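Here is the file entry19.txt (compact mmCIF, C-alpha atoms).
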```txt
# COMPACT_ATOMS: atom_id res chain seq x y z
CA MET A 198 98.18 115.30 79.00
CA ALA A 199 100.27 113.93 81.84
CA ASN A 200 101.78 116.25 84.42
CA HIS A 201 105.49 116.05 85.08
CA SER A 202 106.44 113.00 87.16
CA GLN A 203 102.89 111.62 86.83
CA LEU A 204 102.88 107.84 87.23
CA THR A 205 99.12 107.25 87.32
CA PHE A 206 96.57 107.31 84.52
CA GLN A 207 95.37 110.55 82.98
CA ASP A 208 91.74 111.47 83.67
CA ALA A 209 89.39 109.22 81.74
CA SER A 210 87.58 110.84 78.84
CA SER A 211 85.74 107.82 77.53
CA PRO A 212 83.54 105.15 79.15
CA VAL A 213 86.04 102.40 78.31
CA MET A 214 88.87 104.25 80.04
CA GLU A 215 86.69 104.75 83.12
CA GLU A 216 86.10 101.00 83.24
CA LEU A 217 89.79 100.32 82.77
CA MET A 218 90.68 102.64 85.65
CA GLY A 219 88.13 100.90 87.85
CA PHE A 220 89.62 97.53 86.99
CA HIS A 221 93.11 98.85 87.68
CA ASP A 222 92.00 99.95 91.16
CA HIS A 223 90.49 96.50 91.73
CA ALA A 224 93.67 94.74 90.58
CA LEU A 225 95.77 96.94 92.88
CA MET A 226 93.56 96.10 95.85
CA VAL A 227 94.04 92.39 95.15
CA ALA A 228 97.78 93.04 94.79
CA LEU A 229 97.80 94.85 98.14
CA SER A 230 96.13 91.87 99.81
CA ILE A 231 98.65 89.45 98.35
CA CYS A 232 101.61 91.67 99.24
CA SER A 233 100.34 92.01 102.82
CA LEU A 234 100.09 88.23 103.11
CA VAL A 235 103.54 87.69 101.64
CA LEU A 236 105.09 90.34 103.90
CA TYR A 237 103.51 88.69 106.92
CA LEU A 238 104.77 85.25 105.90
CA LEU A 239 108.26 86.65 105.37
CA THR A 240 108.31 88.18 108.84
CA LEU A 241 107.06 84.86 110.28
CA MET A 242 109.94 83.03 108.63
CA LEU A 243 112.43 85.17 110.52
CA THR A 244 111.49 83.26 113.69
CA GLU A 245 110.98 79.82 112.15
CA LYS A 246 113.49 77.01 112.55
CA LEU A 247 115.02 75.83 109.31
CA THR A 248 114.25 72.11 109.67
CA SER A 249 110.82 70.54 109.43
CA ASN A 250 109.38 67.15 110.25
CA THR A 251 106.30 67.65 108.07
CA VAL A 252 105.54 64.62 105.93
CA ASN A 253 101.82 65.11 105.27
CA ALA A 254 100.74 68.52 104.03
CA GLN A 255 97.31 67.93 102.56
CA ALA A 256 95.69 70.94 104.22
CA ILE A 257 98.30 73.49 103.14
CA GLU A 258 98.35 72.01 99.64
CA LEU A 259 94.60 72.50 99.42
CA VAL A 260 94.86 76.07 100.70
CA TRP A 261 97.57 77.13 98.30
CA THR A 262 95.64 75.65 95.36
CA ILE A 263 92.21 77.04 96.18
CA LEU A 264 93.34 80.54 97.19
CA PRO A 265 95.28 81.36 94.00
CA ALA A 266 92.40 79.97 91.93
CA MET A 267 90.04 82.36 93.74
CA VAL A 268 92.44 85.24 93.17
CA LEU A 269 92.60 84.46 89.47
CA ILE A 270 88.80 84.30 89.24
CA MET A 271 88.54 87.66 91.05
CA LEU A 272 90.83 89.19 88.44
CA ALA A 273 89.65 87.33 85.35
CA LEU A 274 85.91 88.02 85.58
CA PRO A 275 86.04 91.85 85.53
CA SER A 276 88.90 91.72 83.04
CA LEU A 277 86.94 89.60 80.57
CA ARG A 278 83.88 91.80 81.04
CA ILE A 279 85.87 94.84 79.95
CA LEU A 280 87.57 92.94 77.14
CA TYR A 281 84.22 91.98 75.64
CA MET A 282 82.88 95.48 76.25
CA MET A 283 85.77 96.92 74.24
CA ASP A 284 84.97 94.56 71.37
CA GLU A 285 81.27 95.38 71.22
CA ILE A 286 80.07 96.07 67.72
CA ASN A 287 78.25 99.37 67.52
CA GLU A 288 77.20 101.61 64.71
CA PRO A 289 79.87 104.32 64.48
CA ASP A 290 78.80 107.87 63.74
CA LEU A 291 82.08 108.70 62.06
CA THR A 292 84.92 106.70 60.56
CA LEU A 293 88.37 108.12 60.20
CA LYS A 294 91.61 106.61 59.02
CA ALA A 295 94.91 107.26 60.77
CA ILE A 296 97.98 106.46 58.72
CA GLY A 297 101.41 106.45 60.30
CA HIS A 298 104.40 107.75 58.39
CA GLN A 299 107.96 108.53 59.32
CA TRP A 300 107.45 110.82 61.21
CA TYR A 301 103.94 112.22 61.16
CA TRP A 302 100.34 111.05 61.07
CA SER A 303 97.91 111.61 58.26
CA TYR A 304 94.15 111.44 58.70
CA GLU A 305 91.38 110.77 56.23
CA TYR A 306 87.75 111.60 56.89
CA THR A 307 86.29 109.86 53.87
CA ASP A 308 82.76 110.19 55.28
CA LEU A 309 83.08 113.92 54.67
CA LYS A 310 83.87 114.52 51.00
CA ASP A 311 87.47 113.29 51.14
CA LEU A 312 88.83 115.47 53.89
CA THR A 313 92.49 114.49 54.35
CA PHE A 314 95.36 116.22 56.09
CA ASP A 315 98.75 115.59 57.64
CA SER A 316 99.50 116.18 61.30
CA TYR A 317 103.06 117.21 62.09
CA MET A 318 104.45 118.03 65.49
CA ILE A 319 105.04 121.75 66.07
CA PRO A 320 108.80 122.16 66.66
CA THR A 321 109.81 123.72 69.96
CA THR A 322 111.28 126.73 68.18
CA ASP A 323 107.87 127.54 66.65
CA LEU A 324 105.79 126.74 69.72
CA PRO A 325 103.63 129.60 71.00
CA LEU A 326 103.95 130.50 74.67
CA GLY A 327 101.91 128.27 76.98
CA HIS A 328 101.59 125.38 74.53
CA PHE A 329 102.84 121.89 75.32
CA ARG A 330 106.33 120.99 74.13
CA LEU A 331 106.58 117.87 71.89
CA LEU A 332 102.81 117.36 72.09
CA GLU A 333 101.20 120.03 69.93
CA VAL A 334 100.50 119.45 66.26
CA ASP A 335 99.66 121.72 63.37
CA HIS A 336 96.37 119.93 62.52
CA ARG A 337 94.39 118.24 65.25
CA VAL A 338 92.02 115.33 64.82
CA VAL A 339 88.65 116.94 65.51
CA VAL A 340 85.78 114.64 66.42
CA PRO A 341 82.23 115.28 67.64
CA MET A 342 81.77 114.58 71.34
CA SER A 343 79.49 111.83 72.68
CA SER A 344 79.59 110.11 69.30
CA SER A 345 80.97 106.70 68.49
CA ILE A 346 84.08 107.13 66.39
CA ARG A 347 85.68 104.30 64.45
CA VAL A 348 89.39 104.68 63.70
CA ILE A 349 91.09 102.52 61.11
CA VAL A 350 94.81 102.54 61.74
CA THR A 351 97.52 101.59 59.33
CA ALA A 352 101.01 102.62 58.36
CA ASP A 353 102.80 103.59 55.23
CA ASP A 354 106.35 102.46 55.97
CA VAL A 355 107.28 100.94 59.34
CA LEU A 356 105.38 99.99 62.47
CA HIS A 357 103.75 102.80 64.43
CA SER A 358 101.05 102.85 67.09
CA TRP A 359 98.17 105.28 67.48
CA ALA A 360 97.65 105.87 71.17
CA VAL A 361 95.59 108.35 73.21
CA PRO A 362 95.78 107.36 76.91
CA SER A 363 92.85 109.40 78.20
CA LEU A 364 90.52 107.82 75.64
CA GLY A 365 91.84 104.34 76.41
CA VAL A 366 92.98 103.76 72.84
CA LYS A 367 96.17 102.16 71.59
CA THR A 368 96.25 100.44 68.21
CA ASP A 369 99.24 99.26 66.24
CA ALA A 370 99.75 100.71 62.79
CA ILE A 371 101.10 97.93 60.61
CA PRO A 372 101.99 98.41 56.93
CA GLY A 373 99.66 96.42 54.71
CA ARG A 374 97.10 95.84 57.47
CA LEU A 375 94.04 97.72 58.68
CA ASN A 376 93.42 97.65 62.41
CA GLN A 377 90.17 98.98 63.76
CA THR A 378 89.42 100.59 67.08
CA SER A 379 86.60 102.74 68.35
CA PHE A 380 86.11 105.28 71.09
CA LEU A 381 83.57 107.71 72.43
CA ALA A 382 84.75 111.02 73.85
CA SER A 383 82.40 111.65 76.77
CA ARG A 384 83.26 115.31 77.14
CA PRO A 385 84.69 118.13 75.05
CA GLY A 386 88.41 118.67 75.35
CA VAL A 387 91.82 118.16 73.87
CA PHE A 388 93.45 114.76 74.39
CA TYR A 389 97.10 114.09 73.73
CA GLY A 390 98.92 110.93 72.80
CA GLN A 391 102.20 109.84 71.31
CA CYS A 392 103.38 107.22 68.83
CA SER A 393 103.75 104.00 70.81
CA GLU A 394 105.86 101.79 68.56
CA ILE A 395 109.50 102.49 67.85
CA CYS A 396 109.74 103.75 64.31
CA GLY A 397 113.04 105.49 63.84
CA ALA A 398 114.89 108.61 64.82
CA ASN A 399 111.84 110.82 65.37
CA HIS A 400 109.59 108.25 67.01
CA SER A 401 109.18 110.54 70.03
CA PHE A 402 108.24 113.48 67.85
CA MET A 403 105.06 112.40 66.14
CA PRO A 404 102.29 113.10 68.64
CA ILE A 405 98.54 112.66 68.28
CA VAL A 406 96.06 115.31 69.36
CA VAL A 407 92.34 114.56 69.42
CA GLU A 408 90.01 117.50 69.90
CA SER A 409 86.47 116.64 70.91
CA THR A 410 83.90 119.37 70.26
CA PRO A 411 80.13 119.74 70.05
CA LEU A 412 78.66 118.63 66.73
CA ALA A 413 78.01 122.15 65.45
CA ASN A 414 81.68 123.09 65.94
CA PHE A 415 82.77 119.87 64.28
CA GLU A 416 80.61 120.66 61.24
CA SER A 417 82.10 124.15 60.99
CA TRP A 418 85.59 122.76 61.23
CA SER A 419 84.98 120.10 58.58
CA THR A 420 83.51 122.70 56.22
CA LEU A 421 86.53 124.93 56.76
CA MET A 422 89.03 122.11 56.27
CA SER A 423 87.28 120.81 53.15
CA SER A 424 87.39 124.24 51.56
CA GLN A 425 91.16 124.61 52.14
CA GLN B 34 98.90 114.94 97.05
CA SER B 35 98.59 111.21 97.34
CA PHE B 36 99.51 108.67 99.97
CA LYS B 37 100.46 105.33 98.46
CA LEU B 38 100.15 102.30 100.66
CA LEU B 39 103.11 99.94 100.09
CA GLY B 40 104.17 102.39 97.41
CA PHE B 41 101.43 101.65 94.90
CA LEU B 42 97.88 101.95 96.25
CA ASP B 43 96.75 105.56 96.28
CA VAL B 44 94.30 105.43 99.21
CA LYS B 45 93.35 109.10 98.97
CA ASN B 46 92.27 109.22 95.35
CA VAL B 47 90.94 105.71 94.71
CA PRO B 48 87.25 105.51 95.72
CA CYS B 49 86.59 103.00 98.54
CA ALA B 50 90.32 102.29 99.11
CA ARG B 51 90.67 104.30 102.30
CA GLU B 52 87.55 102.81 103.90
CA SER B 53 88.58 99.29 102.88
CA VAL B 54 92.01 99.62 104.47
CA LEU B 55 90.58 101.20 107.64
CA TYR B 56 87.80 98.65 108.06
CA GLY B 57 90.31 95.89 107.30
CA SER B 58 92.61 97.17 110.03
CA LEU B 59 89.72 97.46 112.47
CA GLY B 60 88.56 93.95 111.65
CA ALA B 61 92.09 92.62 112.08
CA LEU B 62 92.44 94.29 115.46
CA VAL B 63 89.10 93.06 116.71
CA MET B 64 89.49 89.47 115.50
CA GLY B 65 93.14 89.18 116.48
CA LEU B 66 92.61 90.62 119.91
CA GLY B 67 89.45 88.60 120.42
CA HIS B 68 91.19 85.39 119.45
CA PHE B 69 94.10 86.15 121.77
CA LEU B 70 91.80 86.92 124.67
CA ALA B 71 89.94 83.67 124.05
CA THR B 72 92.92 81.38 123.51
CA SER B 73 96.08 83.21 124.73
CA ARG B 74 97.91 81.94 121.64
CA VAL B 75 99.98 84.75 120.20
CA ARG B 76 101.10 83.14 116.97
CA ARG B 77 97.68 81.87 115.98
CA SER B 78 96.10 85.22 116.93
CA CYS B 79 98.48 87.00 114.59
CA ASP B 80 97.50 84.59 111.81
CA VAL B 81 93.84 85.25 112.51
CA ALA B 82 94.47 89.00 112.50
CA VAL B 83 96.21 88.95 109.12
CA GLY B 84 93.55 86.68 107.64
CA SER B 85 90.77 88.93 108.99
CA TYR B 86 92.55 91.98 107.59
CA ILE B 87 92.61 90.52 104.11
CA CYS B 88 89.06 89.15 104.23
CA THR B 89 87.52 92.31 105.71
CA MET B 90 89.41 94.59 103.36
CA LEU B 91 88.45 92.66 100.26
CA GLY B 92 84.90 92.10 101.49
CA TYR B 93 84.28 95.80 102.10
CA TRP B 94 86.02 96.64 98.83
CA PHE B 95 83.62 94.48 96.78
CA TYR B 96 80.60 95.84 98.66
CA CYS B 97 81.70 99.47 98.26
CA ARG B 98 82.63 99.15 94.58
CA TYR B 99 79.32 97.43 93.81
CA ASN B 100 77.41 100.30 95.44
CA LEU B 101 79.60 102.82 93.61
CA ALA B 102 78.90 101.15 90.27
CA GLN B 103 75.15 101.22 90.97
CA GLN B 104 75.37 104.90 91.93
CA ARG B 105 77.23 105.70 88.73
CA ILE B 106 74.59 103.94 86.66
CA ARG B 107 71.87 105.93 88.44
CA GLN B 108 73.81 109.16 87.84
CA ARG B 109 74.14 108.33 84.15
CA MET B 110 70.41 107.57 83.86
CA LEU B 111 69.58 110.80 85.66
CA LYS B 112 71.87 112.81 83.40
CA GLU B 113 70.35 111.21 80.32
CA GLY B 114 66.84 111.80 81.65
CA MET B 115 67.56 115.48 82.37
CA LYS B 116 69.05 115.94 78.92
CA ASN B 117 66.05 114.30 77.26
CA ARG B 118 63.63 116.32 79.33
CA ILE B 119 65.25 119.57 78.22
CA LEU B 120 65.37 118.42 74.61
CA PHE B 121 61.81 117.14 74.33
CA GLU B 122 59.90 119.47 76.68
CA GLY B 123 56.81 120.81 74.95
CA SER B 124 57.32 118.72 71.83
CA TYR B 125 55.29 115.71 70.72
CA LEU B 126 58.01 113.45 72.15
CA ASP B 127 57.55 114.82 75.66
CA PRO B 128 56.50 111.82 77.80
CA GLU B 129 54.79 114.10 80.37
CA LYS B 130 52.63 115.60 77.64
CA LYS B 131 51.57 112.12 76.56
CA GLN B 132 50.66 111.21 80.13
CA THR B 133 48.51 114.32 80.70
CA GLY B 134 46.90 113.67 77.31
CA ASN B 135 45.97 110.15 78.40
CA GLU B 136 44.56 111.41 81.71
CA ARG B 137 42.35 113.92 79.88
CA SER B 138 41.08 111.29 77.44
CA ASP B 139 40.29 108.93 80.38
CA SER B 140 38.28 111.59 82.19
```
Can you dump the structure from the file as structure tokens?
Amino acid sequence: MANHSQLTFQDASSPVMEELMGFHDHALMVALSICSLVLYLLTLMLTEKLTSNTVNAQAIELVWTILPAMVLIMLALPSLRILYMMDEINEPDLTLKAIGHQWYWSYEYTDLKDLTFDSYMIPTTDLPLGHFRLLEVDHRVVVPMSSSIRVIVTADDVLHSWAVPSLGVKTDAIPGRLNQTSFLASRPGVFYGQCSEICGANHSFMPIVVESTPLANFESWSTLMSSQ
Amino acid sequence: QSFKLLGFLDVKNVPCARESVLYGSLGALVMGLGHFLATSRVRRSCDVAVGSYICTMLGYWFYCRYNLAQQRIRQRMLKEGMKNRILFEGSYLDPEKKQTGNERSDS
């Protein structure tokens, strides 16, 4: 989860998020270069006279066409690489459905003998000491670690969005439509997210919690949940 | 703690950022000063310095990030190799066992 007043990304827990953070650093470095140039030009203008006798500006025109084109190429190539990487078709080890409702999520593990459950936020009044306010849920989404997970996201009523920042996942939940995303949790842990599409009064109170565990623990959990 | 250059680039926590900015500044100083000493033109030397700053910073950034990416790939391969070694050691899938078996059959 994010710390208070955190503006940067949460630690990456999937390969895609690691790539996205790397690209973000790259884009910021390009932005720093451009801002430095612009700042310098602004300071130069403080000492420039306001009239100009320039009639032929072929050189400067060439420069300010070629340079932005190079900047765009520097940004576009890594960006497209990651875009195609995110869309790679792989054989998922597990498929789960996430259905958005007002104002909770329900999950279906149909690979595992119809395991379905609802995931409601734990109200602050019922929150045990040391747990995270407005982020904890009664039933977490448990997935095996280092396994490709396919998530099919939809909604029952209005628009929602299933988002987990540290896994690099955000997918809109649209009524009447199935959107697919996939992720791979590189390490065991608990990853928090929140609904990312305005959906009514309690839009801020329908969090998502993904718990990534070793396969043996996942099997125990699924057996336990199926029997309940 | 983080120090953000121009308010957005976290030079402490982003790999290669600090070195890029420092090498860029060094390159700017050297080129700008060198140009001034050679031509005594202040304005043009400042232009050269800023241009060198940007080129050196971006140049080192690409070089450093490329090496970092290669290192990460090697780390991942090593981690995978160690995991497979532990998993398959002693079993029929152990590649070392296959190799020693081949050596024995050759001799």
Residues near B:Leu42, cut-off 10 Å, all atoms listed in the file, skip fewer than 5 positions along chain, as a list in words: Asp222, Leu225, Met226, Ala228 and Leu229 of chain A; Ser35, Phe36, Lys37, Val47, Ala50 and Arg51 of chain B
Write out the residues from the selection above, keeping C-alpha atoms, as a PDB file, in the coordinates of the input.
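New file out-v5.pdb:
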```pdb
ATOM      1  CA  ASP A 222      92.000  99.950  91.160  1.00  0.00           C
ATOM      2  CA  LEU A 225      95.770  96.940  92.880  1.00  0.00           C
ATOM      3  CA  MET A 226      93.560  96.100  95.850  1.00  0.00           C
ATOM      4  CA  ALA A 228      97.780  93.040  94.790  1.00  0.00           C
ATOM      5  CA  LEU A 229      97.800  94.850  98.140  1.00  0.00           C
TER       6      LEU A 229
ATOM      7  CA  SER B  35      98.590 111.210  97.340  1.00  0.00           C
ATOM      8  CA  PHE B  36      99.510 108.670  99.970  1.00  0.00           C
ATOM      9  CA  LYS B  37     100.460 105.330  98.460  1.00  0.00           C
ATOM     10  CA  VAL B  47      90.940 105.710  94.710  1.00  0.00           C
ATOM     11  CA  ALA B  50      90.320 102.290  99.110  1.00  0.00           C
ATOM     12  CA  ARG B  51      90.670 104.300 102.300  1.00  0.00           C
TER      13      ARG B  51
END
```
Within 12 Å of chain A, which residues of chain B come that close, and what is the closest atom pair and distance in Å for each? Count all atoms listed in the file and give it as a tab-separated table.
```
residue	atom	partner	partner_atom	distance
B:Gln34	CA	A:Gln203	CA	11.5
B:Ser35	CA	A:Thr205	CA	10.8
B:Lys37	CA	A:Leu229	CA	10.8
B:Leu38	CA	A:Leu229	CA	8.2
B:Leu39	CA	A:Leu229	CA	7.6
B:Gly40	CA	A:Leu229	CA	9.9
B:Phe41	CA	A:Leu225	CA	7.6
B:Leu42	CA	A:Leu225	CA	6.4
B:Asp43	CA	A:Asp222	CA	9.0
B:Val44	CA	A:Met226	CA	9.9
B:Asn46	CA	A:Asp222	CA	10.2
B:Val47	CA	A:Asp222	CA	6.8
B:Pro48	CA	A:Asp222	CA	8.6
B:Cys49	CA	A:Asp222	CA	9.6
B:Ala50	CA	A:Met226	CA	7.7
B:Arg51	CA	A:Met226	CA	10.8
B:Ser53	CA	A:Met226	CA	9.2
B:Val54	CA	A:Met226	CA	9.4
B:Gly57	CA	A:Ser230	CA	10.3
B:Ser58	CA	A:Ser233	CA	11.8
B:Arg76	CA	A:Leu241	CA	9.1
B:Arg77	CA	A:Leu241	CA	11.4
B:Cys79	CA	A:Tyr237	CA	9.3
B:Asp80	CA	A:Tyr237	CA	8.8
B:Val81	CA	A:Leu234	CA	11.7
B:Ala82	CA	A:Tyr237	CA	10.6
B:Val83	CA	A:Leu234	CA	7.2
B:Gly84	CA	A:Leu234	CA	8.1
B:Ser85	CA	A:Ser230	CA	11.0
B:Tyr86	CA	A:Ser230	CA	8.6
B:Ile87	CA	A:Ser230	CA	5.7
B:Cys88	CA	A:Ser230	CA	8.8
B:Thr89	CA	A:Ser230	CA	10.4
B:Met90	CA	A:Ser230	CA	8.1
B:Leu91	CA	A:Met226	CA	7.6
B:Gly92	CA	A:Met226	CA	11.1
B:Tyr93	CA	A:Met226	CA	11.2
B:Trp94	CA	A:Met226	CA	8.1
B:Phe95	CA	A:His223	CA	8.8
B:Cys97	CA	A:His223	CA	11.3
B:Arg98	CA	A:His223	CA	8.8
B:Tyr99	CA	A:Gly219	CA	11.2
B:Leu101	CA	A:Gly219	CA	10.5
B:Ala102	CA	A:Gly219	CA	9.5
B:Arg105	CA	A:Glu215	CA	11.0
B:Ile106	CA	A:Pro212	CA	11.7
B:Arg109	CA	A:Pro212	CA	11.1
B:Glu113	CA	A:Ser343	CA	11.9
```
Output the selection as a PDB file, in the frame of the given file - C-alpha atoms for each residue.
```pdb
ATOM      1  CA  GLN B  34      98.900 114.940  97.050  1.00  0.00           C
ATOM      2  CA  SER B  35      98.590 111.210  97.340  1.00  0.00           C
ATOM      3  CA  LYS B  37     100.460 105.330  98.460  1.00  0.00           C
ATOM      4  CA  LEU B  38     100.150 102.300 100.660  1.00  0.00           C
ATOM      5  CA  LEU B  39     103.110  99.940 100.090  1.00  0.00           C
ATOM      6  CA  GLY B  40     104.170 102.390  97.410  1.00  0.00           C
ATOM      7  CA  PHE B  41     101.430 101.650  94.900  1.00  0.00           C
ATOM      8  CA  LEU B  42      97.880 101.950  96.250  1.00  0.00           C
ATOM      9  CA  ASP B  43      96.750 105.560  96.280  1.00  0.00           C
ATOM     10  CA  VAL B  44      94.300 105.430  99.210  1.00  0.00           C
ATOM     11  CA  ASN B  46      92.270 109.220  95.350  1.00  0.00           C
ATOM     12  CA  VAL B  47      90.940 105.710  94.710  1.00  0.00           C
ATOM     13  CA  PRO B  48      87.250 105.510  95.720  1.00  0.00           C
ATOM     14  CA  CYS B  49      86.590 103.000  98.540  1.00  0.00           C
ATOM     15  CA  ALA B  50      90.320 102.290  99.110  1.00  0.00           C
ATOM     16  CA  ARG B  51      90.670 104.300 102.300  1.00  0.00           C
ATOM     17  CA  SER B  53      88.580  99.290 102.880  1.00  0.00           C
ATOM     18  CA  VAL B  54      92.010  99.620 104.470  1.00  0.00           C
ATOM     19  CA  GLY B  57      90.310  95.890 107.300  1.00  0.00           C
ATOM     20  CA  SER B  58      92.610  97.170 110.030  1.00  0.00           C
ATOM     21  CA  ARG B  76     101.100  83.140 116.970  1.00  0.00           C
ATOM     22  CA  ARG B  77      97.680  81.870 115.980  1.00  0.00           C
ATOM     23  CA  CYS B  79      98.480  87.000 114.590  1.00  0.00           C
ATOM     24  CA  ASP B  80      97.500  84.590 111.810  1.00  0.00           C
ATOM     25  CA  VAL B  81      93.840  85.250 112.510  1.00  0.00           C
ATOM     26  CA  ALA B  82      94.470  89.000 112.500  1.00  0.00           C
ATOM     27  CA  VAL B  83      96.210  88.950 109.120  1.00  0.00           C
ATOM     28  CA  GLY B  84      93.550  86.680 107.640  1.00  0.00           C
ATOM     29  CA  SER B  85      90.770  88.930 108.990  1.00  0.00           C
ATOM     30  CA  TYR B  86      92.550  91.980 107.590  1.00  0.00           C
ATOM     31  CA  ILE B  87      92.610  90.520 104.110  1.00  0.00           C
ATOM     32  CA  CYS B  88      89.060  89.150 104.230  1.00  0.00           C
ATOM     33  CA  THR B  89      87.520  92.310 105.710  1.00  0.00           C
ATOM     34  CA  MET B  90      89.410  94.590 103.360  1.00  0.00           C
ATOM     35  CA  LEU B  91      88.450  92.660 100.260  1.00  0.00           C
ATOM     36  CA  GLY B  92      84.900  92.100 101.490  1.00  0.00           C
ATOM     37  CA  TYR B  93      84.280  95.800 102.100  1.00  0.00           C
ATOM     38  CA  TRP B  94      86.020  96.640  98.830  1.00  0.00           C
ATOM     39  CA  PHE B  95      83.620  94.480  96.780  1.00  0.00           C
ATOM     40  CA  CYS B  97      81.700  99.470  98.260  1.00  0.00           C
ATOM     41  CA  ARG B  98      82.630  99.150  94.580  1.00  0.00           C
ATOM     42  CA  TYR B  99      79.320  97.430  93.810  1.00  0.00           C
ATOM     43  CA  LEU B 101      79.600 102.820  93.610  1.00  0.00           C
ATOM     44  CA  ALA B 102      78.900 101.150  90.270  1.00  0.00           C
ATOM     45  CA  ARG B 105      77.230 105.700  88.730  1.00  0.00           C
ATOM     46  CA  ILE B 106      74.590 103.940  86.660  1.00  0.00           C
ATOM     47  CA  ARG B 109      74.140 108.330  84.150  1.00  0.00           C
ATOM     48  CA  GLU B 113      70.350 111.210  80.320  1.00  0.00           C
TER      49      GLU B 113
END
```
Surrounding residues of B:Ser78 excluding itself and chain neighbours under 3 positions, 10 Å, only C-alpha atoms, as a list in words: Ala61, Leu62, Met64, Gly65, Leu66, Gly67, His68, Phe69, Leu70, Ala71, Thr72, Ser73, Arg74, Val75, Val81, Ala82, Val83 and Gly84 of chain B
Selection near A:Ser363, 10 Å with all atoms listed in the file, sequence-local residues under 4 positions removed, as a ChimeraX atom specification: /A:198-199,206-211,213-215,382,387-390
Long-range neighbours of A:Tyr301 as number ranges by chain, 10 Å cut-off, all atoms listed in the file, 2 positions minimum in chain: A: 296-299, 303, 315-318, 334, 357, 392, 399-400, 402-405
Between atom CA of B:Met115 and atom CA of A:Ser409, distance in Å (one decimal):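 According to the coordinates, atom CA of B:Met115 and atom CA of A:Ser409 are separated by 22.1 Å.
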Atom CA of A:Val340 to atom CA of A:Lys367, distance in Å rounded to a single decimal: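 About the pair atom CA of A:Val340 and atom CA of A:Lys367: they are 17.0 Å apart.
Atom CA of A:Leu331 is found 28.7 Å from atom CA of A:Ser424.
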For stretch 91-108 of chain B, I'd like the enclosing box, axis-aligned and padded by 5 Å on every side, reported as AutoDock Vina command-line options with centre and edge lengths in Å to one decimal.
```
--center_x 80.2 --center_y 100.6 --center_z 94.4 --size_x 26.6 --size_y 27.1 --size_z 25.4
```
Point (96.3, 115.4, 60.0), cut-off 7 Å, counting all atoms listed in the file, residues as an NGL selection string: :A and (302-304 or 313-316 or 336-338)
